$ cat coords.cif   # mmCIF, N, CA and C atoms
data_target
#
loop_
_atom_site.label_atom_id
_atom_site.label_comp_id
_atom_site.auth_asym_id
_atom_site.auth_seq_id
_atom_site.Cartn_x
_atom_site.Cartn_y
_atom_site.Cartn_z
N MET A 1 44.85 -59.89 -8.47
CA MET A 1 44.61 -58.50 -8.12
C MET A 1 43.19 -58.35 -7.59
N HIS A 2 42.99 -57.48 -6.66
CA HIS A 2 41.68 -57.27 -6.06
C HIS A 2 40.87 -56.35 -6.96
N SER A 3 39.61 -56.72 -7.22
CA SER A 3 38.80 -56.01 -8.19
C SER A 3 38.44 -54.59 -7.77
N GLU A 4 38.32 -54.32 -6.48
CA GLU A 4 37.92 -52.98 -6.05
C GLU A 4 39.08 -51.98 -6.06
N TYR A 5 40.29 -52.45 -6.20
CA TYR A 5 41.47 -51.58 -6.21
C TYR A 5 42.06 -51.52 -7.61
N SER A 6 42.22 -50.30 -8.13
CA SER A 6 42.80 -50.17 -9.46
C SER A 6 44.32 -50.06 -9.39
N VAL A 7 44.84 -49.64 -8.25
CA VAL A 7 46.28 -49.52 -8.06
C VAL A 7 46.65 -50.33 -6.83
N VAL A 8 47.55 -51.30 -7.00
CA VAL A 8 47.99 -52.15 -5.89
C VAL A 8 49.51 -52.17 -5.88
N HIS A 9 50.08 -51.97 -4.69
CA HIS A 9 51.54 -51.99 -4.53
C HIS A 9 51.91 -52.88 -3.35
N THR A 10 53.12 -53.36 -3.38
CA THR A 10 53.70 -54.09 -2.27
C THR A 10 54.71 -53.18 -1.60
N GLY A 11 54.71 -53.19 -0.27
CA GLY A 11 55.64 -52.33 0.44
C GLY A 11 55.98 -52.85 1.81
N THR A 12 56.83 -52.10 2.49
CA THR A 12 57.29 -52.46 3.83
C THR A 12 56.84 -51.39 4.81
N VAL A 13 56.32 -51.82 5.95
CA VAL A 13 55.87 -50.89 6.98
C VAL A 13 57.09 -50.20 7.59
N VAL A 14 57.06 -48.86 7.57
CA VAL A 14 58.16 -48.07 8.11
C VAL A 14 57.85 -47.62 9.53
N SER A 15 56.60 -47.22 9.78
CA SER A 15 56.20 -46.81 11.12
C SER A 15 54.71 -47.10 11.31
N VAL A 16 54.32 -47.22 12.58
CA VAL A 16 52.94 -47.55 12.92
C VAL A 16 52.41 -46.49 13.87
N ALA A 17 51.20 -45.97 13.57
CA ALA A 17 50.52 -45.02 14.44
C ALA A 17 49.09 -45.51 14.64
N ASP A 18 48.29 -44.77 15.38
CA ASP A 18 46.90 -45.16 15.64
C ASP A 18 46.08 -45.14 14.35
N GLY A 19 45.66 -46.30 13.88
CA GLY A 19 44.78 -46.39 12.73
C GLY A 19 45.45 -46.21 11.38
N SER A 20 46.73 -45.94 11.36
CA SER A 20 47.42 -45.80 10.08
C SER A 20 48.87 -46.24 10.21
N VAL A 21 49.46 -46.54 9.07
CA VAL A 21 50.87 -46.91 9.02
C VAL A 21 51.52 -46.18 7.86
N ALA A 22 52.82 -46.00 7.94
CA ALA A 22 53.60 -45.46 6.82
C ALA A 22 54.25 -46.63 6.12
N VAL A 23 54.06 -46.72 4.81
CA VAL A 23 54.55 -47.85 4.03
C VAL A 23 55.47 -47.33 2.94
N LYS A 24 56.66 -47.93 2.85
CA LYS A 24 57.60 -47.61 1.78
C LYS A 24 57.31 -48.56 0.63
N ILE A 25 56.95 -47.99 -0.52
CA ILE A 25 56.59 -48.80 -1.68
C ILE A 25 57.85 -49.37 -2.31
N SER A 26 57.80 -50.67 -2.60
CA SER A 26 58.96 -51.37 -3.14
C SER A 26 59.26 -51.00 -4.58
N SER A 27 58.24 -50.96 -5.43
CA SER A 27 58.47 -50.73 -6.86
C SER A 27 58.16 -49.28 -7.22
N THR A 28 59.16 -48.42 -7.16
CA THR A 28 58.97 -47.00 -7.43
C THR A 28 58.78 -46.70 -8.91
N GLU A 29 59.21 -47.60 -9.80
CA GLU A 29 59.03 -47.33 -11.24
C GLU A 29 57.57 -47.38 -11.64
N ASP A 30 56.72 -48.07 -10.87
CA ASP A 30 55.29 -48.10 -11.16
C ASP A 30 54.66 -46.74 -10.93
N CYS A 31 55.23 -45.94 -10.08
CA CYS A 31 54.65 -44.65 -9.74
C CYS A 31 54.96 -43.56 -10.77
N ALA A 32 55.90 -43.80 -11.64
CA ALA A 32 56.34 -42.75 -12.57
C ALA A 32 55.22 -42.23 -13.45
N GLY A 33 54.34 -43.09 -13.93
CA GLY A 33 53.28 -42.65 -14.82
C GLY A 33 51.94 -42.45 -14.14
N CYS A 34 51.89 -42.47 -12.83
CA CYS A 34 50.62 -42.40 -12.12
C CYS A 34 50.20 -40.96 -11.87
N ALA A 35 48.92 -40.68 -12.11
CA ALA A 35 48.39 -39.34 -11.89
C ALA A 35 48.31 -38.99 -10.41
N ALA A 36 48.16 -39.99 -9.56
CA ALA A 36 48.02 -39.75 -8.13
C ALA A 36 49.36 -39.67 -7.41
N ARG A 37 50.47 -39.75 -8.13
CA ARG A 37 51.80 -39.81 -7.53
C ARG A 37 52.06 -38.65 -6.57
N SER A 38 51.71 -37.43 -6.95
CA SER A 38 52.01 -36.29 -6.09
C SER A 38 51.12 -36.23 -4.87
N PHE A 39 49.95 -36.89 -4.90
CA PHE A 39 49.07 -36.90 -3.75
C PHE A 39 49.48 -37.96 -2.75
N CYS A 40 50.25 -38.93 -3.16
CA CYS A 40 50.61 -40.04 -2.28
C CYS A 40 51.73 -39.69 -1.33
N ARG A 41 52.67 -38.91 -1.78
CA ARG A 41 53.87 -38.66 -0.98
C ARG A 41 53.58 -37.78 0.20
N THR A 42 54.13 -38.15 1.33
CA THR A 42 54.01 -37.31 2.51
C THR A 42 55.09 -36.25 2.46
N GLY A 43 55.06 -35.30 3.37
CA GLY A 43 55.97 -34.17 3.34
C GLY A 43 57.44 -34.56 3.32
N GLU A 44 57.84 -35.41 4.24
CA GLU A 44 59.26 -35.78 4.33
C GLU A 44 59.68 -36.67 3.17
N SER A 45 58.82 -37.60 2.74
CA SER A 45 59.20 -38.49 1.65
C SER A 45 59.25 -37.75 0.33
N ALA A 46 58.45 -36.69 0.16
CA ALA A 46 58.49 -35.90 -1.07
C ALA A 46 59.82 -35.18 -1.19
N ARG A 47 60.36 -34.74 -0.07
CA ARG A 47 61.65 -34.04 -0.11
C ARG A 47 62.80 -35.00 -0.39
N ARG A 48 62.67 -36.24 0.05
CA ARG A 48 63.73 -37.22 -0.18
C ARG A 48 63.48 -38.04 -1.44
N SER A 49 62.39 -37.76 -2.14
CA SER A 49 61.97 -38.47 -3.36
C SER A 49 61.87 -39.98 -3.15
N GLU A 50 61.40 -40.37 -1.98
CA GLU A 50 61.07 -41.77 -1.71
C GLU A 50 59.57 -41.91 -1.85
N ASN A 51 59.11 -43.10 -2.02
CA ASN A 51 57.68 -43.34 -2.08
C ASN A 51 57.21 -43.95 -0.77
N ILE A 52 56.98 -43.10 0.21
CA ILE A 52 56.44 -43.51 1.49
C ILE A 52 55.04 -42.91 1.58
N VAL A 53 54.04 -43.77 1.76
CA VAL A 53 52.67 -43.30 1.78
C VAL A 53 52.03 -43.59 3.13
N ASP A 54 51.09 -42.74 3.52
CA ASP A 54 50.29 -42.98 4.72
C ASP A 54 49.14 -43.89 4.32
N VAL A 55 48.96 -44.95 5.08
CA VAL A 55 47.97 -45.97 4.73
C VAL A 55 47.02 -46.18 5.90
N ALA A 56 45.72 -46.17 5.61
CA ALA A 56 44.72 -46.46 6.63
C ALA A 56 44.65 -47.97 6.85
N VAL A 57 44.60 -48.36 8.09
CA VAL A 57 44.47 -49.78 8.41
C VAL A 57 42.99 -50.05 8.59
N GLY A 58 42.37 -50.64 7.57
CA GLY A 58 40.94 -50.89 7.59
C GLY A 58 40.56 -52.20 8.26
N LEU A 59 41.50 -53.09 8.40
CA LEU A 59 41.21 -54.40 8.98
C LEU A 59 41.58 -54.37 10.46
N PRO A 60 40.58 -54.45 11.36
CA PRO A 60 40.89 -54.33 12.79
C PRO A 60 41.72 -55.48 13.34
N ASP A 61 41.64 -56.65 12.71
CA ASP A 61 42.38 -57.80 13.23
C ASP A 61 43.79 -57.89 12.64
N LEU A 62 44.19 -56.90 11.87
CA LEU A 62 45.50 -56.91 11.24
C LEU A 62 46.47 -56.11 12.12
N PHE A 63 47.33 -56.80 12.83
CA PHE A 63 48.30 -56.14 13.70
C PHE A 63 49.61 -56.01 12.95
N LEU A 64 49.98 -54.81 12.63
CA LEU A 64 51.18 -54.57 11.83
C LEU A 64 52.30 -54.02 12.71
N ARG A 65 53.51 -54.42 12.36
CA ARG A 65 54.70 -53.93 13.04
C ARG A 65 55.67 -53.41 12.00
N LYS A 66 56.61 -52.62 12.46
CA LYS A 66 57.64 -52.10 11.57
C LYS A 66 58.39 -53.26 10.94
N GLY A 67 58.55 -53.20 9.61
CA GLY A 67 59.25 -54.24 8.89
C GLY A 67 58.34 -55.26 8.22
N ASP A 68 57.04 -55.25 8.54
CA ASP A 68 56.10 -56.18 7.90
C ASP A 68 55.94 -55.83 6.42
N CYS A 69 55.80 -56.86 5.61
CA CYS A 69 55.55 -56.68 4.18
C CYS A 69 54.04 -56.72 3.97
N VAL A 70 53.49 -55.69 3.31
CA VAL A 70 52.05 -55.59 3.11
C VAL A 70 51.73 -55.26 1.65
N GLU A 71 50.49 -55.53 1.30
CA GLU A 71 49.96 -55.13 0.00
C GLU A 71 48.96 -54.01 0.25
N ILE A 72 49.15 -52.87 -0.44
CA ILE A 72 48.26 -51.73 -0.25
C ILE A 72 47.56 -51.42 -1.57
N GLY A 73 46.40 -50.77 -1.47
CA GLY A 73 45.65 -50.48 -2.68
C GLY A 73 44.95 -49.14 -2.62
N LEU A 74 44.69 -48.59 -3.81
CA LEU A 74 43.95 -47.35 -3.99
C LEU A 74 42.73 -47.68 -4.83
N THR A 75 41.57 -47.26 -4.38
CA THR A 75 40.34 -47.61 -5.10
C THR A 75 40.30 -46.98 -6.48
N GLU A 76 39.52 -47.58 -7.35
CA GLU A 76 39.43 -47.10 -8.72
C GLU A 76 38.84 -45.69 -8.79
N GLY A 77 37.89 -45.39 -7.94
CA GLY A 77 37.29 -44.07 -7.93
C GLY A 77 38.29 -42.97 -7.60
N LEU A 78 39.13 -43.22 -6.60
CA LEU A 78 40.15 -42.22 -6.23
C LEU A 78 41.19 -42.06 -7.33
N HIS A 79 41.56 -43.16 -7.97
CA HIS A 79 42.53 -43.08 -9.05
C HIS A 79 41.94 -42.32 -10.24
N ASN A 80 40.69 -42.57 -10.56
CA ASN A 80 40.04 -41.85 -11.66
C ASN A 80 39.91 -40.37 -11.36
N PHE A 81 39.64 -40.02 -10.10
CA PHE A 81 39.56 -38.62 -9.72
C PHE A 81 40.92 -37.93 -9.87
N ALA A 82 41.99 -38.63 -9.53
CA ALA A 82 43.33 -38.07 -9.70
C ALA A 82 43.63 -37.83 -11.18
N VAL A 83 43.23 -38.77 -12.03
CA VAL A 83 43.43 -38.59 -13.48
C VAL A 83 42.65 -37.37 -13.96
N ALA A 84 41.42 -37.21 -13.46
CA ALA A 84 40.62 -36.06 -13.86
C ALA A 84 41.27 -34.75 -13.41
N LEU A 85 41.76 -34.70 -12.17
CA LEU A 85 42.39 -33.48 -11.66
C LEU A 85 43.65 -33.11 -12.42
N VAL A 86 44.42 -34.11 -12.81
CA VAL A 86 45.72 -33.85 -13.42
C VAL A 86 45.64 -33.69 -14.94
N PHE A 87 44.76 -34.43 -15.59
CA PHE A 87 44.73 -34.42 -17.05
C PHE A 87 43.45 -33.84 -17.65
N VAL A 88 42.30 -34.30 -17.21
CA VAL A 88 41.04 -33.94 -17.86
C VAL A 88 40.66 -32.48 -17.63
N PHE A 89 40.58 -32.04 -16.37
CA PHE A 89 40.17 -30.67 -16.08
C PHE A 89 41.10 -29.63 -16.70
N PRO A 90 42.43 -29.78 -16.60
CA PRO A 90 43.29 -28.78 -17.24
C PRO A 90 43.15 -28.76 -18.77
N THR A 91 42.93 -29.92 -19.38
CA THR A 91 42.75 -29.95 -20.84
C THR A 91 41.47 -29.24 -21.26
N ILE A 92 40.39 -29.50 -20.52
CA ILE A 92 39.13 -28.81 -20.81
C ILE A 92 39.28 -27.31 -20.58
N LEU A 93 39.97 -26.92 -19.52
CA LEU A 93 40.20 -25.51 -19.23
C LEU A 93 41.02 -24.86 -20.34
N LEU A 94 42.08 -25.51 -20.77
CA LEU A 94 42.92 -24.97 -21.83
C LEU A 94 42.12 -24.77 -23.12
N ALA A 95 41.43 -25.82 -23.55
CA ALA A 95 40.65 -25.73 -24.79
C ALA A 95 39.53 -24.71 -24.66
N GLY A 96 38.85 -24.67 -23.51
CA GLY A 96 37.75 -23.74 -23.32
C GLY A 96 38.19 -22.29 -23.36
N VAL A 97 39.29 -21.98 -22.68
CA VAL A 97 39.76 -20.59 -22.65
C VAL A 97 40.27 -20.18 -24.04
N ILE A 98 40.97 -21.07 -24.72
CA ILE A 98 41.45 -20.73 -26.07
C ILE A 98 40.27 -20.50 -27.01
N LEU A 99 39.29 -21.39 -27.00
CA LEU A 99 38.13 -21.21 -27.87
C LEU A 99 37.32 -19.97 -27.50
N LEU A 100 37.16 -19.73 -26.21
CA LEU A 100 36.44 -18.54 -25.77
C LEU A 100 37.13 -17.26 -26.24
N SER A 101 38.43 -17.21 -26.07
CA SER A 101 39.15 -16.00 -26.45
C SER A 101 39.26 -15.84 -27.97
N LEU A 102 39.28 -16.94 -28.71
CA LEU A 102 39.34 -16.86 -30.18
C LEU A 102 37.97 -16.52 -30.77
N LEU A 103 36.95 -17.26 -30.36
CA LEU A 103 35.65 -17.13 -31.02
C LEU A 103 34.76 -16.04 -30.44
N VAL A 104 34.77 -15.88 -29.13
CA VAL A 104 33.88 -14.91 -28.51
C VAL A 104 34.55 -13.55 -28.35
N LEU A 105 35.75 -13.55 -27.82
CA LEU A 105 36.45 -12.27 -27.58
C LEU A 105 37.22 -11.77 -28.79
N ASP A 106 37.37 -12.62 -29.80
CA ASP A 106 38.04 -12.27 -31.06
C ASP A 106 39.46 -11.75 -30.84
N LEU A 107 40.20 -12.47 -29.99
CA LEU A 107 41.61 -12.12 -29.74
C LEU A 107 42.50 -12.85 -30.74
N SER A 108 43.74 -12.44 -30.82
CA SER A 108 44.68 -13.09 -31.75
C SER A 108 45.03 -14.49 -31.26
N ASP A 109 45.63 -15.28 -32.15
CA ASP A 109 46.02 -16.65 -31.81
C ASP A 109 46.99 -16.68 -30.64
N ARG A 110 47.99 -15.84 -30.70
CA ARG A 110 49.01 -15.83 -29.65
C ARG A 110 48.43 -15.45 -28.29
N VAL A 111 47.59 -14.44 -28.28
CA VAL A 111 46.97 -14.01 -27.03
C VAL A 111 46.04 -15.10 -26.50
N SER A 112 45.33 -15.78 -27.38
CA SER A 112 44.42 -16.85 -26.98
C SER A 112 45.19 -18.01 -26.35
N ILE A 113 46.28 -18.40 -26.97
CA ILE A 113 47.10 -19.49 -26.44
C ILE A 113 47.72 -19.08 -25.11
N ALA A 114 48.22 -17.85 -25.04
CA ALA A 114 48.78 -17.37 -23.79
C ALA A 114 47.72 -17.33 -22.69
N SER A 115 46.49 -16.97 -23.04
CA SER A 115 45.40 -16.96 -22.07
C SER A 115 45.09 -18.37 -21.58
N GLY A 116 45.07 -19.33 -22.48
CA GLY A 116 44.83 -20.72 -22.10
C GLY A 116 45.92 -21.26 -21.19
N LEU A 117 47.16 -20.99 -21.52
CA LEU A 117 48.28 -21.43 -20.67
C LEU A 117 48.25 -20.73 -19.32
N GLY A 118 47.89 -19.44 -19.33
CA GLY A 118 47.76 -18.71 -18.07
C GLY A 118 46.66 -19.28 -17.19
N ALA A 119 45.55 -19.69 -17.82
CA ALA A 119 44.46 -20.29 -17.05
C ALA A 119 44.90 -21.62 -16.45
N MET A 120 45.66 -22.41 -17.21
CA MET A 120 46.18 -23.68 -16.66
C MET A 120 47.14 -23.43 -15.51
N LEU A 121 47.98 -22.42 -15.65
CA LEU A 121 48.91 -22.08 -14.56
C LEU A 121 48.13 -21.66 -13.32
N ALA A 122 47.10 -20.83 -13.50
CA ALA A 122 46.27 -20.41 -12.37
C ALA A 122 45.58 -21.61 -11.73
N TYR A 123 45.09 -22.55 -12.55
CA TYR A 123 44.45 -23.77 -12.03
C TYR A 123 45.44 -24.56 -11.18
N ASP A 124 46.65 -24.75 -11.69
CA ASP A 124 47.66 -25.51 -10.95
C ASP A 124 48.04 -24.83 -9.64
N LEU A 125 48.20 -23.51 -9.68
CA LEU A 125 48.57 -22.79 -8.46
C LEU A 125 47.45 -22.83 -7.42
N ILE A 126 46.20 -22.67 -7.87
CA ILE A 126 45.07 -22.75 -6.94
C ILE A 126 44.98 -24.14 -6.35
N LEU A 127 45.12 -25.15 -7.19
CA LEU A 127 45.08 -26.52 -6.70
C LEU A 127 46.18 -26.78 -5.68
N PHE A 128 47.38 -26.29 -5.97
CA PHE A 128 48.53 -26.53 -5.10
C PHE A 128 48.41 -25.78 -3.78
N PHE A 129 48.12 -24.49 -3.84
CA PHE A 129 48.14 -23.69 -2.62
C PHE A 129 46.85 -23.77 -1.81
N CYS A 130 45.71 -23.97 -2.45
CA CYS A 130 44.44 -23.93 -1.72
C CYS A 130 43.88 -25.31 -1.38
N PHE A 131 44.08 -26.28 -2.26
CA PHE A 131 43.41 -27.56 -2.08
C PHE A 131 44.35 -28.74 -1.90
N ARG A 132 45.64 -28.52 -1.85
CA ARG A 132 46.61 -29.61 -1.75
C ARG A 132 46.36 -30.50 -0.54
N HIS A 133 46.13 -29.91 0.61
CA HIS A 133 45.96 -30.70 1.83
C HIS A 133 44.62 -31.43 1.85
N LYS A 134 43.58 -30.81 1.32
CA LYS A 134 42.28 -31.48 1.24
C LYS A 134 42.36 -32.69 0.31
N ILE A 135 43.03 -32.53 -0.80
CA ILE A 135 43.16 -33.62 -1.77
C ILE A 135 44.00 -34.74 -1.18
N ARG A 136 45.08 -34.39 -0.51
CA ARG A 136 45.95 -35.41 0.08
C ARG A 136 45.21 -36.22 1.14
N LYS A 137 44.34 -35.56 1.91
CA LYS A 137 43.56 -36.28 2.93
C LYS A 137 42.58 -37.25 2.28
N LYS A 138 42.07 -36.88 1.12
CA LYS A 138 41.10 -37.73 0.42
C LYS A 138 41.76 -39.00 -0.11
N TYR A 139 43.02 -38.90 -0.49
CA TYR A 139 43.73 -40.05 -1.06
C TYR A 139 44.32 -40.91 0.04
N ARG A 140 43.52 -41.84 0.53
CA ARG A 140 43.95 -42.75 1.58
C ARG A 140 44.09 -44.14 1.00
N TRP A 141 45.30 -44.63 1.02
CA TRP A 141 45.54 -46.01 0.65
C TRP A 141 44.97 -46.91 1.73
N SER A 142 44.73 -48.14 1.39
CA SER A 142 44.23 -49.12 2.36
C SER A 142 45.13 -50.34 2.35
N VAL A 143 45.32 -50.92 3.52
CA VAL A 143 46.06 -52.17 3.61
C VAL A 143 45.12 -53.29 3.18
N ILE A 144 45.51 -54.02 2.14
CA ILE A 144 44.70 -55.13 1.64
C ILE A 144 44.98 -56.40 2.44
N ARG A 145 46.26 -56.69 2.60
CA ARG A 145 46.64 -57.89 3.35
C ARG A 145 48.12 -57.83 3.69
N ARG A 146 48.48 -58.64 4.68
CA ARG A 146 49.88 -58.79 5.06
C ARG A 146 50.45 -59.93 4.25
N LEU A 147 51.65 -59.77 3.74
CA LEU A 147 52.28 -60.84 2.92
C LEU A 147 53.21 -61.68 3.74
#
$ encode --input "coords.cif" --output "C-alpha cells"
Amino acid sequence: MHSEYSVVHTGTVVSVADGSVAVKISSTEDCAGCAARSFCRTGESARRSENIVDVAVGLPDLFLRKGDCVEIGLTEGLHNFAVALVFVFPTILLAGVILLSLLVLDLSDRVSIASGLGAMLAYDLILFFCFRHKIRKKYRWSVIRRL
C-alpha cells in the first residue's frame, strides 16, 4: 500500500476525458463504512448506486483507455477531513447545543435534546444544499498506477 494514500481501491476505467477518468470501483463492500462515500459518487452513479468516481490523472505519462485496470487512492488528509465532516463536527454540535440549552438557557431535557437534534439536522441540510458541490470538487481521487 502507498504510504501517502489512506484509501486505495482497484477499479476499471469506464470513460476518459481531459485530465480525468471515470473509474468503477471493483470492491463496493469496502465503501460501506467509509465517511467519504457520499462525496465520491458522481450524479449518475449515485442514482444507480454504483461506485463510479471521477479520478484526476496526475501522471502525465500514463495513457489510460476504457477498460484499463487501475489503482486509485485518496490522500489521508482528505479522508480525515471527510471523517471530521461526517462524525466529529456533528457530534460536537450535538453535545454543544444540548449542554448550552441545559446549562445556560436552563431548558428541559426534552427541549435540549430536540434542540441538539435540530442543530444536527440544520448542519446536514446546510452541508448538503450549500456546500455539497464544493466538497465534492475537493475530493479528487488520484490514479496511482495501471495494473
$ atom_distance --input "coords.cif" --atom1 "atom N of A:Val111" --atom2 "atom N of A:Thr91"
18.5 Å
$ residues_near_point --input "coords.cif" --point "(59.2, -51.4, 12.6)" --cutoff "7 Å" --atoms "only C-alpha atoms" --output "PyMOL selection string"
chain A and resi 13-15+65-67
$ residues_around --input "coords.cif" --residues "A:Leu147" --least-positions-apart "5" --cutoff "6 Å" --atoms "all atoms listed in the file" --output "PyMOL selection string"
chain A and resi 69-71
$ residues_near_point --input "coords.cif" --point "(58.3, -46.2, 0.6)" --cutoff "6 Å" --atoms "only C-alpha atoms" --output "count of residues only"
6
$ resolve_selection --input "coords.cif" --expression "the PyMOL selection byres ((chain A and resi 120-132) around 8)" --output "ChimeraX atom specification"
/A:39,89-91,93-94,114-119,133-138
$ closest_residue --input "coords.cif" --among "A:Ile113, A:Val7, A:Leu105, A:Val21" --to "A:Leu64" --atoms "only C-alpha atoms"
A:Val21
$ atom_distance --input "coords.cif" --atom1 "atom CA of A:Leu74" --atom2 "atom N of A:Arg140"
7.1 Å
$ atom_distance --input "coords.cif" --atom1 "atom CA of A:Tyr5" --atom2 "atom CA of A:Leu85"
18.9 Å
$ closest_residue --input "coords.cif" --among "A:Gly19, A:Thr12, A:Gly73, A:Asp68" --to "A:Trp141" --atoms "only C-alpha atoms"
A:Gly73
$ residues_around --input "coords.cif" --residues "stretch 79-83 of chain A" --least-positions-apart "2" --cutoff "8 Å" --atoms "only C-alpha atoms" --output "mmCIF file with N, CA and C atoms, in the coordinates of the input"
data_model
loop_
_atom_site.group_PDB
_atom_site.id
_atom_site.type_symbol
_atom_site.label_atom_id
_atom_site.label_comp_id
_atom_site.auth_asym_id
_atom_site.auth_seq_id
_atom_site.Cartn_x
_atom_site.Cartn_y
_atom_site.Cartn_z
ATOM 1 N N SER A 6 42.220 -50.300 -8.130
ATOM 2 C CA SER A 6 42.800 -50.170 -9.460
ATOM 3 C C SER A 6 44.320 -50.060 -9.390
ATOM 4 N N VAL A 7 44.840 -49.640 -8.250
ATOM 5 C CA VAL A 7 46.280 -49.520 -8.060
ATOM 6 C C VAL A 7 46.650 -50.330 -6.830
ATOM 7 N N ALA A 35 48.920 -40.680 -12.110
ATOM 8 C CA ALA A 35 48.390 -39.340 -11.890
ATOM 9 C C ALA A 35 48.310 -38.990 -10.410
ATOM 10 N N ALA A 36 48.160 -39.990 -9.560
ATOM 11 C CA ALA A 36 48.020 -39.750 -8.130
ATOM 12 C C ALA A 36 49.360 -39.670 -7.410
ATOM 13 N N LEU A 74 44.690 -48.590 -3.810
ATOM 14 C CA LEU A 74 43.950 -47.350 -3.990
ATOM 15 C C LEU A 74 42.730 -47.680 -4.830
ATOM 16 N N THR A 75 41.570 -47.260 -4.380
ATOM 17 C CA THR A 75 40.340 -47.610 -5.100
ATOM 18 C C THR A 75 40.300 -46.980 -6.480
ATOM 19 N N GLU A 76 39.520 -47.580 -7.350
ATOM 20 C CA GLU A 76 39.430 -47.100 -8.720
ATOM 21 C C GLU A 76 38.840 -45.690 -8.790
ATOM 22 N N GLY A 77 37.890 -45.390 -7.940
ATOM 23 C CA GLY A 77 37.290 -44.070 -7.930
ATOM 24 C C GLY A 77 38.290 -42.970 -7.600
ATOM 25 N N LEU A 85 41.760 -34.700 -12.170
ATOM 26 C CA LEU A 85 42.390 -33.480 -11.660
ATOM 27 C C LEU A 85 43.650 -33.110 -12.420
ATOM 28 N N VAL A 86 44.420 -34.110 -12.810
ATOM 29 C CA VAL A 86 45.720 -33.850 -13.420
ATOM 30 C C VAL A 86 45.640 -33.690 -14.940
ATOM 31 N N PHE A 87 44.760 -34.430 -15.590
ATOM 32 C CA PHE A 87 44.730 -34.420 -17.050
ATOM 33 C C PHE A 87 43.450 -33.840 -17.650
ATOM 34 N N VAL A 88 42.300 -34.300 -17.210
ATOM 35 C CA VAL A 88 41.040 -33.940 -17.860
ATOM 36 C C VAL A 88 40.660 -32.480 -17.630
#
$ closest_residue --input "coords.cif" --among "A:Val53, A:Ile72, A:Ala95, A:Val104" --to "A:Ile144" --atoms "only N, CA and C atoms"
A:Ile72
